[in-house]
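upload.txt (compact mmCIF, C-alpha atoms) appears below.
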```
# COMPACT_ATOMS: atom_id res chain seq x y z
CA MET A 489 -4.31 9.07 21.39
CA PRO A 490 -2.25 10.38 24.30
CA ARG A 491 1.47 10.28 23.74
CA ARG A 492 1.93 7.95 26.70
CA ARG A 493 0.28 5.17 24.70
CA ILE A 494 2.74 5.29 21.83
CA GLY A 495 5.01 2.77 23.54
CA PHE A 496 8.69 1.96 23.71
CA TRP A 497 9.12 0.40 20.27
CA TYR A 498 7.44 3.25 18.40
CA ARG A 499 9.51 5.79 20.31
CA PHE A 500 12.65 3.77 19.58
CA ALA A 501 11.75 3.64 15.85
CA ALA A 502 11.21 7.40 15.93
CA VAL A 503 14.65 7.93 17.46
CA LEU A 504 16.18 5.93 14.61
CA CYS A 505 14.13 7.26 11.70
CA LYS A 506 13.26 10.89 12.45
CA PRO A 507 16.79 12.38 12.23
CA PRO A 508 17.49 11.22 8.65
CA LEU A 509 13.96 12.16 7.59
CA VAL A 510 14.40 15.65 9.01
CA VAL A 511 17.71 16.01 7.17
CA LEU A 512 16.47 14.64 3.85
CA LEU A 513 13.01 16.20 3.66
CA LYS A 514 11.52 19.60 4.34
CA ARG A 515 7.93 19.42 5.56
CA ASP A 516 4.68 20.93 4.32
CA TRP A 517 2.19 19.16 6.56
CA ARG A 518 -1.44 20.18 6.64
CA GLY A 519 -4.75 18.80 7.80
CA MET A 520 -3.73 17.41 11.20
CA GLU A 521 -6.89 18.99 12.59
CA ASN A 522 -8.79 16.31 10.65
CA ILE A 523 -7.00 13.50 12.52
CA PRO A 524 -9.40 12.32 15.26
CA ALA A 525 -8.16 13.05 18.76
CA ALA A 526 -9.74 9.87 20.13
CA GLY A 527 -11.36 6.67 18.94
CA GLY A 528 -10.54 4.24 16.19
CA PHE A 529 -10.22 5.39 12.59
CA ILE A 530 -8.68 4.60 9.22
CA THR A 531 -6.39 6.67 7.07
CA ALA A 532 -6.41 5.94 3.33
CA VAL A 533 -3.09 7.07 1.84
CA ASN A 534 -1.68 7.19 -1.70
CA HIS A 535 1.56 5.31 -2.36
CA ASN A 536 4.24 6.53 -4.80
CA SER A 537 7.61 5.61 -3.29
CA HIS A 538 9.30 2.98 -1.16
CA ALA A 539 10.27 5.91 1.09
CA ASP A 540 6.79 7.29 1.68
CA PRO A 541 5.75 4.84 4.46
CA PHE A 542 8.55 6.29 6.61
CA ALA A 543 7.77 9.89 5.64
CA TYR A 544 4.04 9.40 6.20
CA ALA A 545 4.63 7.61 9.52
CA HIS A 546 6.64 10.68 10.61
CA TYR A 547 3.63 12.91 9.87
CA GLN A 548 1.21 10.57 11.62
CA TYR A 549 3.52 10.14 14.62
CA ASN A 550 3.71 13.91 15.05
CA SER A 551 -0.09 14.07 15.07
CA GLY A 552 -0.05 12.03 18.28
CA ARG A 553 -2.02 9.15 16.67
CA VAL A 554 0.51 6.60 15.55
CA PRO A 555 -0.44 4.44 12.54
CA ARG A 556 -0.73 0.68 12.51
CA PHE A 557 0.23 -0.44 9.02
CA LEU A 558 -0.81 -3.68 7.36
CA ALA A 559 2.32 -5.63 6.42
CA LYS A 560 3.25 -9.06 5.08
CA SER A 561 3.14 -11.69 7.80
CA GLY A 562 6.66 -12.82 6.90
CA LEU A 563 8.05 -9.62 8.42
CA PHE A 564 6.83 -10.67 11.86
CA GLY A 565 9.25 -13.57 12.30
CA LYS A 566 12.28 -13.82 14.51
CA GLY A 567 14.99 -11.19 14.82
CA PHE A 568 15.05 -7.44 15.25
CA ILE A 569 12.65 -6.59 12.41
CA GLY A 570 10.05 -9.04 13.67
CA ALA A 571 10.37 -7.70 17.22
CA ALA A 572 10.05 -4.13 15.96
CA MET A 573 6.98 -4.97 13.84
CA ARG A 574 5.28 -6.65 16.77
CA GLY A 575 6.41 -4.02 19.27
CA THR A 576 5.09 -1.11 17.21
CA GLY A 577 1.74 -2.84 16.80
CA GLN A 578 1.86 -3.33 13.04
CA ILE A 579 -0.76 -5.70 11.64
CA PRO A 580 0.24 -8.93 9.87
CA VAL A 581 -1.60 -9.79 6.67
CA TYR A 582 -1.69 -13.49 5.88
CA ARG A 583 -1.88 -13.47 2.12
CA GLU A 584 -2.70 -17.17 1.94
CA THR A 585 -6.03 -16.51 3.70
CA THR A 586 -8.90 -16.89 1.26
CA ASP A 587 -11.53 -15.12 3.38
CA ALA A 588 -10.91 -11.39 2.86
CA LEU A 589 -12.73 -10.44 6.05
CA SER A 590 -10.58 -12.85 8.09
CA ALA A 591 -7.46 -11.36 6.52
CA PHE A 592 -8.48 -7.95 7.93
CA ARG A 593 -9.82 -9.17 11.25
CA ALA A 594 -6.78 -7.76 13.06
CA ALA A 595 -7.39 -4.37 11.44
CA ILE A 596 -11.02 -4.43 12.54
CA ASP A 597 -9.96 -5.36 16.07
CA ALA A 598 -7.40 -2.53 16.13
CA VAL A 599 -10.00 0.04 15.04
CA GLU A 600 -12.44 -1.26 17.63
CA ARG A 601 -9.72 -0.84 20.28
CA GLY A 602 -9.43 2.82 19.31
CA GLU A 603 -6.34 2.57 17.11
CA CYS A 604 -5.47 4.27 13.82
CA VAL A 605 -5.02 1.80 10.97
CA ALA A 606 -3.26 3.13 7.87
CA PHE A 607 -4.27 1.62 4.53
CA TYR A 608 -2.56 1.94 1.18
CA PRO A 609 -5.69 1.06 -0.83
CA GLU A 610 -3.75 0.80 -4.10
CA GLY A 611 -1.91 -2.17 -2.63
CA THR A 612 1.38 -1.19 -4.24
CA ILE A 613 3.26 1.83 -5.55
CA THR A 614 1.20 3.53 -8.22
CA ARG A 615 1.88 2.56 -11.81
CA ASP A 616 0.07 5.58 -13.18
CA PRO A 617 2.51 7.31 -15.59
CA ASP A 618 2.00 10.65 -13.79
CA GLN A 619 1.90 9.09 -10.31
CA TRP A 620 -1.76 9.76 -9.62
CA PRO A 621 -3.59 7.27 -7.37
CA MET A 622 -4.72 4.12 -9.11
CA THR A 623 -7.93 2.19 -8.55
CA GLY A 624 -8.04 0.84 -5.01
CA LYS A 625 -8.54 -2.53 -3.41
CA THR A 626 -11.56 -2.96 -1.17
CA GLY A 627 -9.88 -3.74 2.19
CA ALA A 628 -10.16 -0.23 3.63
CA ALA A 629 -13.81 0.03 2.61
CA ARG A 630 -14.53 -3.39 4.08
CA VAL A 631 -13.06 -2.44 7.48
CA ALA A 632 -14.69 1.00 7.40
CA LEU A 633 -18.16 -0.39 6.70
CA GLN A 634 -17.72 -3.15 9.24
CA THR A 635 -16.71 -0.75 12.02
CA ARG A 636 -18.37 2.49 10.79
CA CYS A 637 -15.22 4.32 11.85
CA PRO A 638 -14.05 7.62 10.30
CA VAL A 639 -12.02 7.28 7.10
CA ILE A 640 -9.49 10.11 6.70
CA PRO A 641 -8.24 10.59 3.10
CA VAL A 642 -4.54 11.49 3.07
CA ALA A 643 -2.45 12.54 0.08
CA GLN A 644 1.32 12.85 0.07
CA TRP A 645 3.88 14.05 -2.43
CA GLY A 646 7.64 14.54 -2.23
CA ALA A 647 9.03 11.25 -0.96
CA ASN A 648 8.67 10.10 -4.57
CA GLU A 649 11.04 12.89 -5.62
CA LEU A 650 13.56 11.75 -3.02
CA LEU A 651 13.20 8.11 -4.08
CA PRO A 652 11.31 7.77 -7.38
CA PRO A 653 8.94 4.81 -7.80
CA TYR A 654 10.83 1.51 -8.03
CA ALA A 655 14.19 3.33 -7.96
CA ARG A 656 17.02 2.18 -5.69
CA LYS A 657 19.06 5.37 -5.48
CA LEU A 658 18.13 8.47 -3.50
CA ASN A 659 17.89 11.78 -5.33
CA VAL A 660 19.11 13.88 -2.40
CA PHE A 661 19.91 17.24 -4.00
CA PRO A 662 18.27 19.67 -4.02
CA ARG A 663 16.50 18.91 -0.74
CA LYS A 664 12.93 17.80 -1.35
CA THR A 665 9.73 18.77 0.46
CA HIS A 666 7.32 16.17 1.80
CA HIS A 667 3.79 17.49 1.32
CA VAL A 668 0.96 15.86 3.26
CA LEU A 669 -2.67 16.90 3.29
CA ALA A 670 -5.26 15.08 5.39
CA GLY A 671 -8.86 15.81 4.50
CA PRO A 672 -12.13 15.59 6.44
CA PRO A 673 -13.69 12.14 6.94
CA VAL A 674 -15.16 10.50 3.86
CA ASP A 675 -18.95 10.26 4.03
CA LEU A 676 -19.79 6.57 3.67
CA THR A 677 -23.15 6.67 5.47
CA ARG A 678 -25.09 5.84 2.31
CA PHE A 679 -23.41 2.44 2.29
CA TYR A 680 -24.43 1.54 5.85
CA ASP A 681 -27.14 -1.06 6.52
CA LYS A 682 -26.68 -2.57 3.06
CA GLU A 683 -25.45 -5.99 2.02
CA MET A 684 -21.66 -5.91 1.87
CA ASN A 685 -21.29 -7.37 -1.63
CA PRO A 686 -18.51 -6.79 -4.19
CA ASP A 687 -20.40 -4.00 -5.99
CA LEU A 688 -21.02 -2.10 -2.75
CA LEU A 689 -17.37 -2.44 -1.69
CA LYS A 690 -16.17 -1.35 -5.12
CA GLU A 691 -18.37 1.77 -5.04
CA ALA A 692 -17.30 2.65 -1.49
CA THR A 693 -13.65 2.19 -2.48
CA GLU A 694 -14.12 4.53 -5.44
CA VAL A 695 -15.52 7.18 -3.08
CA ILE A 696 -12.51 6.81 -0.78
CA MET A 697 -10.00 6.95 -3.64
CA ALA A 698 -11.72 10.00 -5.14
CA ALA A 699 -11.30 11.80 -1.80
CA VAL A 700 -7.59 10.88 -1.65
CA THR A 701 -7.15 12.08 -5.22
CA ARG A 702 -8.80 15.41 -4.45
CA GLN A 703 -6.28 15.98 -1.66
CA LEU A 704 -3.42 15.23 -4.06
CA GLU A 705 -4.88 17.60 -6.66
CA GLU A 706 -4.74 20.36 -4.06
CA ILE A 707 -1.12 19.56 -3.21
CA ARG A 708 -0.02 19.40 -6.84
CA GLY A 709 -2.22 22.20 -8.14
CA GLU A 710 -3.25 19.98 -11.06
CA ARG A 711 -6.24 17.97 -12.17
CA ALA A 712 -6.06 14.19 -12.02
CA PRO A 713 -7.30 12.04 -14.92
CA VAL A 714 -11.06 11.56 -14.91
CA THR A 715 -10.60 7.78 -14.91
CA PRO A 716 -8.05 6.39 -12.45
CA TYR A 717 -5.37 4.12 -13.83
CA ASP A 718 -6.37 0.45 -13.49
CA PRO A 719 -3.41 -1.97 -13.36
CA ARG A 720 -5.59 -5.06 -13.80
CA PRO A 721 -5.55 -5.18 -17.63
CA GLU A 722 -1.77 -4.85 -17.56
CA ARG A 723 -1.51 -7.64 -15.00
CA SER A 724 -3.88 -9.82 -17.02
CA GLU A 725 -1.79 -9.26 -20.13
CA GLN A 726 1.38 -10.05 -18.19
CA ARG A 727 -0.17 -13.28 -16.91
CA ARG A 728 -1.26 -14.15 -20.44
CA ARG A 729 2.25 -13.57 -21.79
CA THR A 730 3.77 -15.56 -18.96
CA ALA A 731 1.38 -18.45 -19.55
CA ALA A 732 2.12 -18.36 -23.30
CA GLU A 733 5.86 -18.34 -22.66
CA GLU A 734 5.57 -21.23 -20.22
CA ALA A 735 3.46 -23.19 -22.71
CA GLN A 736 6.04 -22.54 -25.45
CA ASP A 737 8.86 -23.60 -23.13
CA ALA A 738 7.01 -26.81 -22.32
CA LEU A 739 6.43 -27.46 -26.03
CA ASP A 740 10.09 -26.83 -26.83
CA ALA A 741 11.13 -29.17 -24.02
CA ALA A 742 8.79 -31.88 -25.34
CA HIS A 743 10.22 -31.51 -28.86
CA ALA A 744 13.75 -31.66 -27.50
CA ALA A 745 12.90 -34.82 -25.54
CA GLN A 746 11.39 -36.41 -28.64
CA GLU A 747 14.46 -35.55 -30.72
CA ALA A 748 16.78 -36.94 -28.02
CA ALA A 749 14.75 -40.14 -27.86
CA LEU A 750 14.90 -40.46 -31.66
CA VAL A 751 18.68 -39.99 -31.65
CA ARG A 752 19.08 -42.66 -28.95
CA GLU A 753 16.87 -45.02 -30.91
CA VAL A 754 18.97 -44.52 -34.07
CA GLN A 755 22.17 -45.00 -32.10
CA GLU A 756 20.88 -48.17 -30.48
CA GLU A 757 19.84 -49.57 -33.88
CA GLY A 758 23.31 -48.78 -35.26
CA GLN A 759 25.01 -50.53 -32.35
CA SER A 760 22.81 -53.60 -32.76
CA LYS A 761 23.87 -53.96 -36.41
```

Could you render the structure from this file as structure tokens?
Amino acid sequence: MPRRRIGFWYRFAAVLCKPPLVVLLKRDWRGMENIPAAGGFITAVNHNSHADPFAYAHYQYNSGRVPRFLAKSGLFGKGFIGAAMRGTGQIPVYRETTDALSAFRAAIDAVERGECVAFYPEGTITRDPDQWPMTGKTGAARVALQTRCPVIPVAQWGANELLPPYARKLNVFPRKTHHVLAGPPVDLTRFYDKEMNPDLLKEATEVIMAAVTRQLEEIRGERAPVTPYDPRPERSEQRRRTAAEEAQDALDAAHAAQEAALVREVQEEGQSK
């Protein structure tokens, strides 16, 4: 994408964000040659810090192909943040939408217009104990198979050392290095011309996440676990515990109400005598 198409709001955001990022993070950025020079495409990026969207956006901005992130629709309301989100072309996700394809219609449209859409397929900061990519959600695969656009796997590491996962305080010293490695497009051709069912999307997502993980292995010089961390059992257990606690609270409240009613009944009988 030519620089002239970046637009006022993205340039303004860069003016605000780039100076502190340059101060806080050294840069080891590789693989920009794999970022398409023209046409719509997707980047699939690992997520391990609340700071890494800014650090990754810096990398992508410098490539000349600015990213359009998917973000909660509530951020697009009134005020400066809403204006900035709309002005920079970010894509609202309406979580209440039940049709998954409709929820990503804007992403499909952006790719078809020749934009870069950045996906965090994990959906949240990784919960893997060693901060490897988790299992992914199928949104990126769905858009990729719908549009047949290139999918560029991108791994990053370093923003998580500046701001560890779910931490609120920056770990400024010593100065950290933000490593980014973009790989060649993921080959998804074997999934084309097939029914887009849950099994197909799951398999395509696994291929995308495996490519992202390989990039992170190269950055870290380590081997990732054979089986990616899956947060769903943990979430299911949390929901089960929450439901059990709510049921117990309801039972306790019912017992308390019964005891209060019994006390009132005794008191009323005493007053009547």

Dump as a list in words all residues having an atom at most 12 Å from (16.4, 13.3, 8.1), computed in the file's coordinates with all atoms listed in the file.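 In the file's frame, the residues around the point are Ala502, Val503, Leu504, Cys505, Lys506, Pro507, Pro508, Leu509, Val510, Val511, Leu512, Leu513, Lys514, Arg515, Ala539, Phe542, Ala543, His546, Ala647, Leu650, Val660, Arg663, Lys664, Thr665 and His666 of chain A.
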
Those same residues, written as an mmCIF file, keeping the file's coordinate frame with C-alpha atoms?
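Output saved as again_12.cif:
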```cif
data_model
loop_
_atom_site.group_PDB
_atom_site.id
_atom_site.type_symbol
_atom_site.label_atom_id
_atom_site.label_comp_id
_atom_site.auth_asym_id
_atom_site.auth_seq_id
_atom_site.Cartn_x
_atom_site.Cartn_y
_atom_site.Cartn_z
ATOM 1 C CA ALA A 502 11.210 7.400 15.930
ATOM 2 C CA VAL A 503 14.650 7.930 17.460
ATOM 3 C CA LEU A 504 16.180 5.930 14.610
ATOM 4 C CA CYS A 505 14.130 7.260 11.700
ATOM 5 C CA LYS A 506 13.260 10.890 12.450
ATOM 6 C CA PRO A 507 16.790 12.380 12.230
ATOM 7 C CA PRO A 508 17.490 11.220 8.650
ATOM 8 C CA LEU A 509 13.960 12.160 7.590
ATOM 9 C CA VAL A 510 14.400 15.650 9.010
ATOM 10 C CA VAL A 511 17.710 16.010 7.170
ATOM 11 C CA LEU A 512 16.470 14.640 3.850
ATOM 12 C CA LEU A 513 13.010 16.200 3.660
ATOM 13 C CA LYS A 514 11.520 19.600 4.340
ATOM 14 C CA ARG A 515 7.930 19.420 5.560
ATOM 15 C CA ALA A 539 10.270 5.910 1.090
ATOM 16 C CA PHE A 542 8.550 6.290 6.610
ATOM 17 C CA ALA A 543 7.770 9.890 5.640
ATOM 18 C CA HIS A 546 6.640 10.680 10.610
ATOM 19 C CA ALA A 647 9.030 11.250 -0.960
ATOM 20 C CA LEU A 650 13.560 11.750 -3.020
ATOM 21 C CA VAL A 660 19.110 13.880 -2.400
ATOM 22 C CA ARG A 663 16.500 18.910 -0.740
ATOM 23 C CA LYS A 664 12.930 17.800 -1.350
ATOM 24 C CA THR A 665 9.730 18.770 0.460
ATOM 25 C CA HIS A 666 7.320 16.170 1.800
#
```

Using all atoms listed in the file, list the residues that have an atom at most 12 Å from (-4.3, 18.9, 13.1), coordinates as in the file, as a PyMOL selection string. chain A and resi 517-525+547-553+668-672

Please report the interatomic distance between atom CA of A:His535 and atom CA of A:Thr614 in Å with one decimal. 6.1 Å

Just give me the gap between atom CA of A:Phe568 and atom CA of A:Leu658 in Å, one decimal is fine.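 These two atoms are separated by 24.8 Å.
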
Distance query stretch 603-609 of chain A at most 8 Å, only C-alpha atoms, self and fewer than 2 positions along chain excluded, as an NGL selection string: :A and (527-535 or 553-558 or 595 or 598-601 or 611-612 or 624-628 or 697)

Go ahead and compute the interatomic distance for atom CA of A:Ala526 and atom CA of A:Leu689, in Å to one decimal.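 Calculated distance between atom CA of A:Ala526 and atom CA of A:Leu689 is 26.2 Å.
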
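Compared by their closest atoms to A:His667, and using only C-alpha atoms, the residues A:Arg708, A:Arg702, A:Lys682, A:Arg752 rank with A:Arg708 nearest.
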
Find the residue from A:Gln746, A:Thr623, A:Asn659, A:Thr635 that sits nearest to A:Val700; use only C-alpha atoms when measuring.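 Among the listed residues, A:Thr623 lies closest to A:Val700.
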
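Comparing A:Leu688, A:Ile613, A:Ile707, A:Val714 by their smallest distance to A:His538, the closest is A:Ile613 (using only C-alpha atoms).
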
Can you tell me, as a PDB file with C-alpha atoms, in the frame of the given file, what residues are no more than 7 Å from stretch 673-677 of chain A when counting only C-alpha atoms, ignoring any on the same chain fewer than 2 positions away?
```
ATOM      1  CA  PRO A 638     -14.050   7.620  10.300  1.00  0.00           C
ATOM      2  CA  VAL A 639     -12.020   7.280   7.100  1.00  0.00           C
ATOM      3  CA  ILE A 640      -9.490  10.110   6.700  1.00  0.00           C
ATOM      4  CA  PRO A 641      -8.240  10.590   3.100  1.00  0.00           C
ATOM      5  CA  GLY A 671      -8.860  15.810   4.500  1.00  0.00           C
ATOM      6  CA  PHE A 679     -23.410   2.440   2.290  1.00  0.00           C
ATOM      7  CA  TYR A 680     -24.430   1.540   5.850  1.00  0.00           C
ATOM      8  CA  ALA A 692     -17.300   2.650  -1.490  1.00  0.00           C
ATOM      9  CA  ILE A 696     -12.510   6.810  -0.780  1.00  0.00           C
ATOM     10  CA  ALA A 699     -11.300  11.800  -1.800  1.00  0.00           C
TER      11      ALA A 699
END
```

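Among the candidates A:Gln634, A:Ala738, A:Val695, A:Gly577, the one nearest to A:Gly495 when counting all atoms listed in the file is A:Gly577.
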
Residues within 6 Å of A:Ser537, all atoms listed in the file, excluding chain neighbours under 4 positions, as a list in words: Asn648, Pro652 and Pro653 of chain A

Taking into account all atoms listed in the file, which residue in the set A:Gly709, A:Pro580, A:Gly562, A:Pro686 is nearest to A:Ala594?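 The shortest atom-to-atom distance to A:Ala594 comes from A:Pro580.
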
Completion of stretch 611-622 of chain A up to all heavy atoms, as a PDB file, in the frame of the given file:
```
ATOM      1  N   GLY A 611      -2.554  -0.877  -2.832  1.00  0.00           N
ATOM      2  CA  GLY A 611      -1.910  -2.170  -2.630  1.00  0.00           C
ATOM      3  C   GLY A 611      -0.455  -2.212  -3.024  1.00  0.00           C
ATOM      4  O   GLY A 611       0.264  -3.135  -2.648  1.00  0.00           O
ATOM      5  N   THR A 612       0.003  -1.251  -3.784  1.00  0.00           N
ATOM      6  CA  THR A 612       1.380  -1.190  -4.240  1.00  0.00           C
ATOM      7  C   THR A 612       1.663   0.234  -4.701  1.00  0.00           C
ATOM      8  O   THR A 612       0.758   1.063  -4.762  1.00  0.00           O
ATOM      9  CB  THR A 612       1.629  -2.187  -5.388  1.00  0.00           C
ATOM     10  OG1 THR A 612       3.026  -2.232  -5.709  1.00  0.00           O
ATOM     11  CG2 THR A 612       0.843  -1.788  -6.649  1.00  0.00           C
ATOM     12  N   ILE A 613       2.916   0.511  -5.017  1.00  0.00           N
ATOM     13  CA  ILE A 613       3.260   1.830  -5.550  1.00  0.00           C
ATOM     14  C   ILE A 613       2.510   2.058  -6.862  1.00  0.00           C
ATOM     15  O   ILE A 613       2.421   1.161  -7.700  1.00  0.00           O
ATOM     16  CB  ILE A 613       4.779   1.933  -5.777  1.00  0.00           C
ATOM     17  CG1 ILE A 613       5.513   1.915  -4.426  1.00  0.00           C
ATOM     18  CG2 ILE A 613       5.141   3.207  -6.539  1.00  0.00           C
ATOM     19  CD1 ILE A 613       7.017   1.889  -4.556  1.00  0.00           C
ATOM     20  N   THR A 614       1.987   3.256  -7.026  1.00  0.00           N
ATOM     21  CA  THR A 614       1.200   3.530  -8.220  1.00  0.00           C
ATOM     22  C   THR A 614       1.991   3.279  -9.503  1.00  0.00           C
ATOM     23  O   THR A 614       3.186   3.554  -9.579  1.00  0.00           O
ATOM     24  CB  THR A 614       0.689   4.988  -8.220  1.00  0.00           C
ATOM     25  OG1 THR A 614      -0.115   5.192  -9.389  1.00  0.00           O
ATOM     26  CG2 THR A 614       1.831   5.999  -8.224  1.00  0.00           C
ATOM     27  N   ARG A 615       1.293   2.754 -10.481  1.00  0.00           N
ATOM     28  CA  ARG A 615       1.880   2.560 -11.810  1.00  0.00           C
ATOM     29  C   ARG A 615       1.333   3.566 -12.820  1.00  0.00           C
ATOM     30  O   ARG A 615       1.625   3.472 -14.012  1.00  0.00           O
ATOM     31  CB  ARG A 615       1.616   1.127 -12.299  1.00  0.00           C
ATOM     32  CG  ARG A 615       2.320   0.078 -11.422  1.00  0.00           C
ATOM     33  CD  ARG A 615       2.183  -1.310 -11.992  1.00  0.00           C
ATOM     34  NE  ARG A 615       2.847  -2.295 -11.169  1.00  0.00           N
ATOM     35  CZ  ARG A 615       4.149  -2.587 -11.236  1.00  0.00           C
ATOM     36  NH1 ARG A 615       4.913  -1.949 -12.098  1.00  0.00           N
ATOM     37  NH2 ARG A 615       4.675  -3.509 -10.449  1.00  0.00           N
ATOM     38  N   ASP A 616       0.540   4.509 -12.314  1.00  0.00           N
ATOM     39  CA  ASP A 616       0.070   5.580 -13.180  1.00  0.00           C
ATOM     40  C   ASP A 616       1.276   6.358 -13.711  1.00  0.00           C
ATOM     41  O   ASP A 616       2.179   6.703 -12.924  1.00  0.00           O
ATOM     42  CB  ASP A 616      -0.851   6.516 -12.402  1.00  0.00           C
ATOM     43  CG  ASP A 616      -1.374   7.656 -13.273  1.00  0.00           C
ATOM     44  OD1 ASP A 616      -2.419   7.486 -13.901  1.00  0.00           O
ATOM     45  OD2 ASP A 616      -0.698   8.709 -13.317  1.00  0.00           O
ATOM     46  N   PRO A 617       1.338   6.627 -15.024  1.00  0.00           N
ATOM     47  CA  PRO A 617       2.510   7.310 -15.590  1.00  0.00           C
ATOM     48  C   PRO A 617       2.817   8.655 -14.934  1.00  0.00           C
ATOM     49  O   PRO A 617       3.980   9.053 -14.866  1.00  0.00           O
ATOM     50  CB  PRO A 617       2.139   7.482 -17.064  1.00  0.00           C
ATOM     51  CG  PRO A 617       1.132   6.412 -17.334  1.00  0.00           C
ATOM     52  CD  PRO A 617       0.368   6.241 -16.062  1.00  0.00           C
ATOM     53  N   ASP A 618       1.795   9.353 -14.445  1.00  0.00           N
ATOM     54  CA  ASP A 618       2.000  10.650 -13.790  1.00  0.00           C
ATOM     55  C   ASP A 618       1.868  10.564 -12.281  1.00  0.00           C
ATOM     56  O   ASP A 618       1.733  11.594 -11.610  1.00  0.00           O
ATOM     57  CB  ASP A 618       1.005  11.665 -14.353  1.00  0.00           C
ATOM     58  CG  ASP A 618       1.269  11.961 -15.827  1.00  0.00           C
ATOM     59  OD1 ASP A 618       2.453  12.100 -16.197  1.00  0.00           O
ATOM     60  OD2 ASP A 618       0.301  12.034 -16.595  1.00  0.00           O
ATOM     61  N   GLN A 619       1.877   9.354 -11.746  1.00  0.00           N
ATOM     62  CA  GLN A 619       1.900   9.090 -10.310  1.00  0.00           C
ATOM     63  C   GLN A 619       0.645   9.556  -9.579  1.00  0.00           C
ATOM     64  O   GLN A 619       0.689   9.925  -8.406  1.00  0.00           O
ATOM     65  CB  GLN A 619       3.169   9.676  -9.671  1.00  0.00           C
ATOM     66  CG  GLN A 619       4.451   9.095 -10.251  1.00  0.00           C
ATOM     67  CD  GLN A 619       5.694   9.635  -9.586  1.00  0.00           C
ATOM     68  OE1 GLN A 619       5.793   9.645  -8.374  1.00  0.00           O
ATOM     69  NE2 GLN A 619       6.651  10.089 -10.391  1.00  0.00           N
ATOM     70  N   TRP A 620      -0.486   9.544 -10.283  1.00  0.00           N
ATOM     71  CA  TRP A 620      -1.760   9.760  -9.620  1.00  0.00           C
ATOM     72  C   TRP A 620      -2.214   8.454  -8.971  1.00  0.00           C
ATOM     73  O   TRP A 620      -1.776   7.374  -9.381  1.00  0.00           O
ATOM     74  CB  TRP A 620      -2.819  10.246 -10.605  1.00  0.00           C
ATOM     75  CG  TRP A 620      -2.581  11.632 -11.107  1.00  0.00           C
ATOM     76  CD1 TRP A 620      -2.078  11.991 -12.326  1.00  0.00           C
ATOM     77  CD2 TRP A 620      -2.814  12.856 -10.402  1.00  0.00           C
ATOM     78  NE1 TRP A 620      -1.980  13.362 -12.425  1.00  0.00           N
ATOM     79  CE2 TRP A 620      -2.419  13.922 -11.253  1.00  0.00           C
ATOM     80  CE3 TRP A 620      -3.307  13.163  -9.135  1.00  0.00           C
ATOM     81  CZ2 TRP A 620      -2.529  15.253 -10.878  1.00  0.00           C
ATOM     82  CZ3 TRP A 620      -3.408  14.488  -8.753  1.00  0.00           C
ATOM     83  CH2 TRP A 620      -3.023  15.515  -9.629  1.00  0.00           C
ATOM     84  N   PRO A 621      -3.091   8.501  -7.972  1.00  0.00           N
ATOM     85  CA  PRO A 621      -3.590   7.270  -7.370  1.00  0.00           C
ATOM     86  C   PRO A 621      -4.298   6.377  -8.385  1.00  0.00           C
ATOM     87  O   PRO A 621      -5.018   6.859  -9.258  1.00  0.00           O
ATOM     88  CB  PRO A 621      -4.576   7.770  -6.294  1.00  0.00           C
ATOM     89  CG  PRO A 621      -4.087   9.141  -5.959  1.00  0.00           C
ATOM     90  CD  PRO A 621      -3.571   9.703  -7.257  1.00  0.00           C
ATOM     91  N   MET A 622      -4.072   5.095  -8.244  1.00  0.00           N
ATOM     92  CA  MET A 622      -4.720   4.120  -9.110  1.00  0.00           C
ATOM     93  C   MET A 622      -6.079   3.725  -8.510  1.00  0.00           C
ATOM     94  O   MET A 622      -6.497   4.245  -7.480  1.00  0.00           O
ATOM     95  CB  MET A 622      -3.854   2.859  -9.222  1.00  0.00           C
ATOM     96  CG  MET A 622      -2.463   3.066  -9.755  1.00  0.00           C
ATOM     97  SD  MET A 622      -1.611   1.479 -10.036  1.00  0.00           S
ATOM     98  CE  MET A 622      -1.445   0.855  -8.352  1.00  0.00           C
TER      99      MET A 622
END
```
